[in-house]
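Student: The structure follows.
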Amino acid sequence: MKLYPELDGIGACRFAAGALVTALLALAGCSSTPPVDRSDARDRYEDANRKVFAFNMGVDSYVLEPVASGYRNTVPEGGRTAVDNHLRWASMPSTAINSTLQGKFENAALASLNFLVNGLTLGFADLSEDDQEVQREDFGQTLAAYDVPEGSYLMVPVLGPRTTRSLTGNVVDFVMNPLQVFGTSSTADAVRTAQAPVGAVSFRASNFDAFNDVKYNSLDPYARTRSVYYQTRRGLLEDRVADRTGSAVSEDEFDSLFEEAN
Amino acid sequence: MIRRRFIAVAIACAAFVSMPAAVAGADDRQAAASGLIDTMIADLQAFLATDTGDVEARSAEIDRVLSTYFDMDTITRFSAGQYWRAANAEQKTEYGTLFREVLCGTIVRNFDQLNGLAYTPGAISAKGDKFVIVGGTFTDTAGARPPVAVNWRVLTREGQPPRVFDIEIENLSLLVTQKQENVAVIRKNRGQFGALIEAMQARLDAPLHSN
């Protein structure tokens, strides 16, 4: 379960550049939280992050949750699937480029093929007959593949949790996405502009109950969100998500288990 | 009522008979873990077949499943992280009770999502000398929800019966998530284990949000 969409593709990245600047400006005005006051050693801006999280939860309560509720109650399943297909299709160029940069040439070829074939319907219908699923790759994963440190944990306004590396990756994906140069008509522009908010609503609707359970019923929604983000991201980075037979968790997590007895 | 009780007793007996005995050797670990999960799934499916939606009955069933198939002592200890050692005996007991209540409540709250799911066993792999990962997939028989990949992390210690230790849904560990949340609550309260107990009690006392 992801609590916030990674907002693949160009639509997401429209937010990313602005969000990066906003986040960096906000953090520039904040001192880091002293290690002793952090609930997680990786969260050096925890105090500021918690404030942004509270803001994001407000946005969710007043905008995203009611819209997502309406979306899943009124849009038929076929329509929602078509939207999901389109959002996934729009992320294929980024996946193809980043797969190539990481040396995952088979995935790059699959993403390119998927983009070309499904481009006939702007991705709303999945025409590909290949059973092999394209694994999403973004520039944050590419940076990780080149051993760039993940940096600090950031709670970005509207976008949600990121690390500085993954947020940088979002911006780069936006800049180098070839979809930017496709289609200059007002229709194409409108489709691109709508992708981010539609993606956010679609993600929220798809994870409606799980998201609400975290939001309303957990002890510390902020800490739970951070845990889910790091686990999900690590799974992507280590390709454990692609390999469903593997475990989601690093075995290091359990190393201390039997030492902690009593 | 009598029929339901008879079915429950029969299932419990069947579960006891078919449940893997203590793990004898490394070669048996994977089979024992897989057998445990198969038995548990069959057990749950039998309950779901007769489920009337009664919350108390569901709570009792979940409590029984946790006792029968899960290593609750080890799970409880792990979920408090390094702060378990800082807790006194009374706090440990209180925390164990509350943790179990919270866990039961979470499962019961989401119980309806289990209806209409078919389970397909997946790959099995050993992790070190204590864990076996048993994979599987839940599929919505009505096709309304996408398939959900699940990994059961089973603790297989020599000389002891296998027990479920963690559930990973779509590559997300429920236990690790809970542990990190619990540790965060303690750390935000200057390492006071009692703060976690208070937070859990407050959570249990507060009205739950239902979707």
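Convention: chains lettered A, B, ... in structure tokens order; per-chain residue numbering from 1; ligands numbered from 1 as shown.
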Find the residues around Thr232 in chain A up to 8 Å (only C-alpha atoms counted), leave out those fewer than 2 positions away in its own chain, and share them as a ChimeraX atom specification.
Tutor: /A:1-2,228-230,234-236 /B:171-172
Student: Find the residues near His86 in chain A: any atom within 9 Å, counting only C-alpha atoms, skip ones fewer than 4 places away on the same chain, and give them as a ChimeraX atom specification.
Tutor: /A:81-82,90-91,118,121-126,195
Student: With all heavy atoms kept, could you save the residues just selected as a PDB file, in the first residue's frame?
Tutor:
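Output (again.pdb):
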ATOM      1  N   THR A  81     -10.588   1.784 -14.829  1.00  0.00           N
ATOM      2  CA  THR A  81      -9.479   1.007 -15.395  1.00  0.00           C
ATOM      3  C   THR A  81      -8.849   1.752 -16.564  1.00  0.00           C
ATOM      4  O   THR A  81      -7.621   1.787 -16.718  1.00  0.00           O
ATOM      5  CB  THR A  81      -9.995  -0.373 -15.862  1.00  0.00           C
ATOM      6  OG1 THR A  81     -10.590  -1.039 -14.754  1.00  0.00           O
ATOM      7  CG2 THR A  81      -8.868  -1.223 -16.426  1.00  0.00           C
ATOM      8  N   ALA A  82      -9.691   2.375 -17.392  1.00  0.00           N
ATOM      9  CA  ALA A  82      -9.176   3.119 -18.542  1.00  0.00           C
ATOM     10  C   ALA A  82      -8.286   4.279 -18.090  1.00  0.00           C
ATOM     11  O   ALA A  82      -7.225   4.536 -18.665  1.00  0.00           O
ATOM     12  CB  ALA A  82     -10.344   3.639 -19.384  1.00  0.00           C
ATOM     13  N   ALA A  90       1.268   6.883 -19.798  1.00  0.00           N
ATOM     14  CA  ALA A  90       1.991   8.159 -19.849  1.00  0.00           C
ATOM     15  C   ALA A  90       3.346   8.081 -19.160  1.00  0.00           C
ATOM     16  O   ALA A  90       4.229   8.911 -19.420  1.00  0.00           O
ATOM     17  CB  ALA A  90       1.136   9.255 -19.188  1.00  0.00           C
ATOM     18  N   SER A  91       3.531   7.093 -18.290  1.00  0.00           N
ATOM     19  CA  SER A  91       4.815   6.971 -17.599  1.00  0.00           C
ATOM     20  C   SER A  91       5.811   6.095 -18.360  1.00  0.00           C
ATOM     21  O   SER A  91       6.964   5.968 -17.952  1.00  0.00           O
ATOM     22  CB  SER A  91       4.599   6.383 -16.197  1.00  0.00           C
ATOM     23  OG  SER A  91       4.286   5.007 -16.281  1.00  0.00           O
ATOM     24  N   ASN A 118      -0.012   1.015 -27.323  1.00  0.00           N
ATOM     25  CA  ASN A 118      -1.168   1.608 -26.640  1.00  0.00           C
ATOM     26  C   ASN A 118      -1.359   3.083 -26.967  1.00  0.00           C
ATOM     27  O   ASN A 118      -2.390   3.673 -26.627  1.00  0.00           O
ATOM     28  CB  ASN A 118      -1.040   1.417 -25.125  1.00  0.00           C
ATOM     29  CG  ASN A 118      -1.204  -0.031 -24.721  1.00  0.00           C
ATOM     30  OD1 ASN A 118      -1.933  -0.776 -25.369  1.00  0.00           O
ATOM     31  ND2 ASN A 118      -0.504  -0.452 -23.683  1.00  0.00           N
ATOM     32  N   THR A 121      -4.571   4.446 -28.594  1.00  0.00           N
ATOM     33  CA  THR A 121      -5.755   4.870 -27.819  1.00  0.00           C
ATOM     34  C   THR A 121      -5.372   5.854 -26.721  1.00  0.00           C
ATOM     35  O   THR A 121      -6.118   6.015 -25.764  1.00  0.00           O
ATOM     36  CB  THR A 121      -6.450   3.651 -27.182  1.00  0.00           C
ATOM     37  OG1 THR A 121      -5.546   3.071 -26.216  1.00  0.00           O
ATOM     38  CG2 THR A 121      -6.848   2.623 -28.208  1.00  0.00           C
ATOM     39  N   LEU A 122      -4.218   6.473 -26.858  1.00  0.00           N
ATOM     40  CA  LEU A 122      -3.659   7.339 -25.800  1.00  0.00           C
ATOM     41  C   LEU A 122      -3.546   6.592 -24.473  1.00  0.00           C
ATOM     42  O   LEU A 122      -3.584   7.185 -23.403  1.00  0.00           O
ATOM     43  CB  LEU A 122      -4.506   8.598 -25.600  1.00  0.00           C
ATOM     44  CG  LEU A 122      -4.241   9.752 -26.559  1.00  0.00           C
ATOM     45  CD1 LEU A 122      -5.162  10.919 -26.225  1.00  0.00           C
ATOM     46  CD2 LEU A 122      -2.782  10.204 -26.515  1.00  0.00           C
ATOM     47  N   GLY A 123      -3.427   5.287 -24.601  1.00  0.00           N
ATOM     48  CA  GLY A 123      -3.211   4.468 -23.415  1.00  0.00           C
ATOM     49  C   GLY A 123      -4.463   4.108 -22.655  1.00  0.00           C
ATOM     50  O   GLY A 123      -4.396   3.380 -21.660  1.00  0.00           O
ATOM     51  N   PHE A 124      -5.618   4.604 -23.096  1.00  0.00           N
ATOM     52  CA  PHE A 124      -6.836   4.318 -22.317  1.00  0.00           C
ATOM     53  C   PHE A 124      -7.230   2.842 -22.406  1.00  0.00           C
ATOM     54  O   PHE A 124      -7.854   2.309 -21.505  1.00  0.00           O
ATOM     55  CB  PHE A 124      -7.990   5.215 -22.791  1.00  0.00           C
ATOM     56  CG  PHE A 124      -7.842   6.630 -22.305  1.00  0.00           C
ATOM     57  CD1 PHE A 124      -7.410   7.639 -23.153  1.00  0.00           C
ATOM     58  CD2 PHE A 124      -8.115   6.955 -20.981  1.00  0.00           C
ATOM     59  CE1 PHE A 124      -7.260   8.942 -22.710  1.00  0.00           C
ATOM     60  CE2 PHE A 124      -7.973   8.271 -20.519  1.00  0.00           C
ATOM     61  CZ  PHE A 124      -7.542   9.256 -21.385  1.00  0.00           C
ATOM     62  N   ALA A 125      -6.889   2.213 -23.517  1.00  0.00           N
ATOM     63  CA  ALA A 125      -7.134   0.772 -23.636  1.00  0.00           C
ATOM     64  C   ALA A 125      -5.789   0.065 -23.679  1.00  0.00           C
ATOM     65  O   ALA A 125      -4.846   0.552 -24.308  1.00  0.00           O
ATOM     66  CB  ALA A 125      -7.919   0.476 -24.905  1.00  0.00           C
ATOM     67  N   ASP A 126      -5.697  -1.055 -23.007  1.00  0.00           N
ATOM     68  CA  ASP A 126      -4.447  -1.808 -23.006  1.00  0.00           C
ATOM     69  C   ASP A 126      -4.500  -2.828 -24.138  1.00  0.00           C
ATOM     70  O   ASP A 126      -5.177  -3.849 -24.042  1.00  0.00           O
ATOM     71  CB  ASP A 126      -4.264  -2.507 -21.655  1.00  0.00           C
ATOM     72  CG  ASP A 126      -2.887  -3.146 -21.530  1.00  0.00           C
ATOM     73  OD1 ASP A 126      -2.087  -3.034 -22.493  1.00  0.00           O
ATOM     74  OD2 ASP A 126      -2.610  -3.754 -20.480  1.00  0.00           O
ATOM     75  N   GLN A 195      -3.543  15.172 -15.884  1.00  0.00           N
ATOM     76  CA  GLN A 195      -2.999  13.886 -15.437  1.00  0.00           C
ATOM     77  C   GLN A 195      -2.679  13.841 -13.942  1.00  0.00           C
ATOM     78  O   GLN A 195      -2.984  12.859 -13.274  1.00  0.00           O
ATOM     79  CB  GLN A 195      -1.745  13.534 -16.248  1.00  0.00           C
ATOM     80  CG  GLN A 195      -2.087  12.899 -17.581  1.00  0.00           C
ATOM     81  CD  GLN A 195      -0.873  12.685 -18.443  1.00  0.00           C
ATOM     82  OE1 GLN A 195       0.205  13.205 -18.172  1.00  0.00           O
ATOM     83  NE2 GLN A 195      -1.038  11.919 -19.498  1.00  0.00           N
TER      84      GLN A 195
END
Student: Using only C-alpha atoms, which chain B residues lie at most 7 Å away from chain A, written as a list in words?
Tutor: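 Residues passing the distance filter: Phe78, Gln82, Arg85, Ala123, Ile133, Gly135, Ala149, Asn151, Glu168, Glu170, Asn171, Leu172, Ser173, Thr177, Gln180, Glu181, Ala184, Val185, Arg187, Lys188, Ala199, Met200, Arg203, Leu208, His209 and Asn211 of chain B.
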Student: Restricting the output to N, CA, C and O atoms, write the selected residues as a short mmCIF file (atom, residue, chain, number, x, y, z; two decimals), in the first residue's frame.
Tutor:
data_model
loop_
_atom_site.label_atom_id
_atom_site.label_comp_id
_atom_site.auth_asym_id
_atom_site.auth_seq_id
_atom_site.Cartn_x
_atom_site.Cartn_y
_atom_site.Cartn_z
N PHE B 78 8.72 -8.17 19.25
CA PHE B 78 9.33 -7.49 18.11
C PHE B 78 8.66 -6.15 17.84
O PHE B 78 9.33 -5.17 17.46
N GLN B 82 13.43 -2.03 20.25
CA GLN B 82 14.45 -2.08 21.31
C GLN B 82 13.92 -1.64 22.66
O GLN B 82 14.56 -1.84 23.69
N ARG B 85 12.98 -4.03 26.04
CA ARG B 85 13.87 -4.30 27.18
C ARG B 85 13.72 -3.26 28.29
O ARG B 85 14.03 -3.52 29.44
N ALA B 123 5.14 -19.47 -4.30
CA ALA B 123 6.48 -20.03 -4.07
C ALA B 123 6.82 -20.04 -2.58
O ALA B 123 6.30 -19.25 -1.79
N ILE B 133 9.52 -18.08 3.91
CA ILE B 133 8.52 -17.21 3.29
C ILE B 133 7.61 -18.08 2.42
O ILE B 133 8.07 -18.75 1.50
N GLY B 135 4.66 -17.80 -0.15
CA GLY B 135 3.96 -16.83 -0.99
C GLY B 135 2.57 -17.31 -1.36
O GLY B 135 2.24 -18.50 -1.25
N ALA B 149 -0.91 -9.90 -3.81
CA ALA B 149 0.17 -10.82 -3.46
C ALA B 149 0.42 -10.77 -1.96
O ALA B 149 0.43 -9.70 -1.36
N ASN B 151 2.84 -12.55 1.29
CA ASN B 151 3.91 -13.43 1.78
C ASN B 151 3.69 -13.68 3.26
O ASN B 151 3.54 -12.73 4.03
N GLU B 168 3.16 -10.07 4.79
CA GLU B 168 3.56 -9.01 3.88
C GLU B 168 2.55 -8.95 2.74
O GLU B 168 2.37 -9.92 2.01
N GLU B 170 1.46 -7.18 -0.68
CA GLU B 170 2.02 -6.37 -1.77
C GLU B 170 3.36 -5.76 -1.34
O GLU B 170 3.58 -4.56 -1.46
N ASN B 171 4.20 -6.61 -0.81
CA ASN B 171 5.55 -6.22 -0.42
C ASN B 171 5.62 -5.20 0.71
O ASN B 171 6.57 -4.43 0.81
N LEU B 172 4.59 -5.18 1.52
CA LEU B 172 4.58 -4.27 2.65
C LEU B 172 4.38 -5.09 3.92
O LEU B 172 3.36 -5.76 4.07
N SER B 173 5.35 -5.02 4.81
CA SER B 173 5.29 -5.83 6.03
C SER B 173 4.39 -5.16 7.06
O SER B 173 4.63 -4.02 7.48
N THR B 177 5.79 -2.30 9.79
CA THR B 177 5.07 -1.02 9.81
C THR B 177 4.59 -0.70 11.22
O THR B 177 4.75 0.42 11.72
N GLN B 180 7.57 0.17 13.52
CA GLN B 180 8.12 1.50 13.31
C GLN B 180 7.18 2.58 13.85
O GLN B 180 7.61 3.61 14.35
N GLU B 181 5.88 2.33 13.75
CA GLU B 181 4.93 3.29 14.31
C GLU B 181 5.01 3.30 15.85
O GLU B 181 5.03 4.36 16.47
N ALA B 184 8.10 5.01 16.97
CA ALA B 184 7.98 6.47 16.79
C ALA B 184 7.22 7.10 17.95
O ALA B 184 7.59 8.16 18.45
N VAL B 185 6.14 6.42 18.37
CA VAL B 185 5.35 6.96 19.49
C VAL B 185 6.21 7.03 20.75
O VAL B 185 6.20 8.03 21.47
N ARG B 187 9.55 7.14 20.94
CA ARG B 187 10.65 8.12 20.79
C ARG B 187 10.14 9.56 20.91
O ARG B 187 10.83 10.43 21.42
N LYS B 188 8.94 9.81 20.40
CA LYS B 188 8.39 11.17 20.51
C LYS B 188 8.06 11.52 21.96
O LYS B 188 7.81 12.67 22.29
N ALA B 199 -1.18 5.59 24.45
CA ALA B 199 -1.67 5.88 23.09
C ALA B 199 -2.55 4.74 22.58
O ALA B 199 -3.59 4.98 21.94
N MET B 200 -2.14 3.51 22.86
CA MET B 200 -2.94 2.36 22.41
C MET B 200 -4.29 2.32 23.14
O MET B 200 -5.32 2.05 22.52
N ARG B 203 -6.47 4.94 21.74
CA ARG B 203 -6.95 4.53 20.41
C ARG B 203 -8.12 3.55 20.53
O ARG B 203 -9.12 3.63 19.81
N LEU B 208 -14.04 4.38 16.45
CA LEU B 208 -13.29 4.08 15.24
C LEU B 208 -14.00 4.63 14.01
O LEU B 208 -15.22 4.67 13.96
N HIS B 209 -13.19 5.07 13.08
CA HIS B 209 -13.73 5.55 11.81
C HIS B 209 -14.03 4.34 10.93
O HIS B 209 -13.20 3.46 10.79
N ASN B 211 -15.37 3.01 7.11
CA ASN B 211 -15.47 3.52 5.73
C ASN B 211 -16.87 3.32 5.16
O ASN B 211 -17.54 2.41 5.49
#
Student: Run DSSP on the backbone and grab whatever in range 23-206 of chain A lands in helix (DSSP H, G or I); send it over as a ChimeraX atom specification.
Tutor: /A:23-28,35-37,46-74,77-90,92-101,105-121,139-145,164-176,178-181,186-206
Student: Mind checking which residues fall within 10 Å of Val134 in chain B, counting only C-alpha atoms, ignoring those fewer than 3 positions away in the same chain, and posting them as JSON, numbers by chain?
Tutor: {"A": [245, 246, 247], "B": [30, 31, 33, 34, 35, 36, 37, 38, 121, 122, 123, 124, 125, 126, 131, 150, 151, 152, 153, 154, 164, 167]}
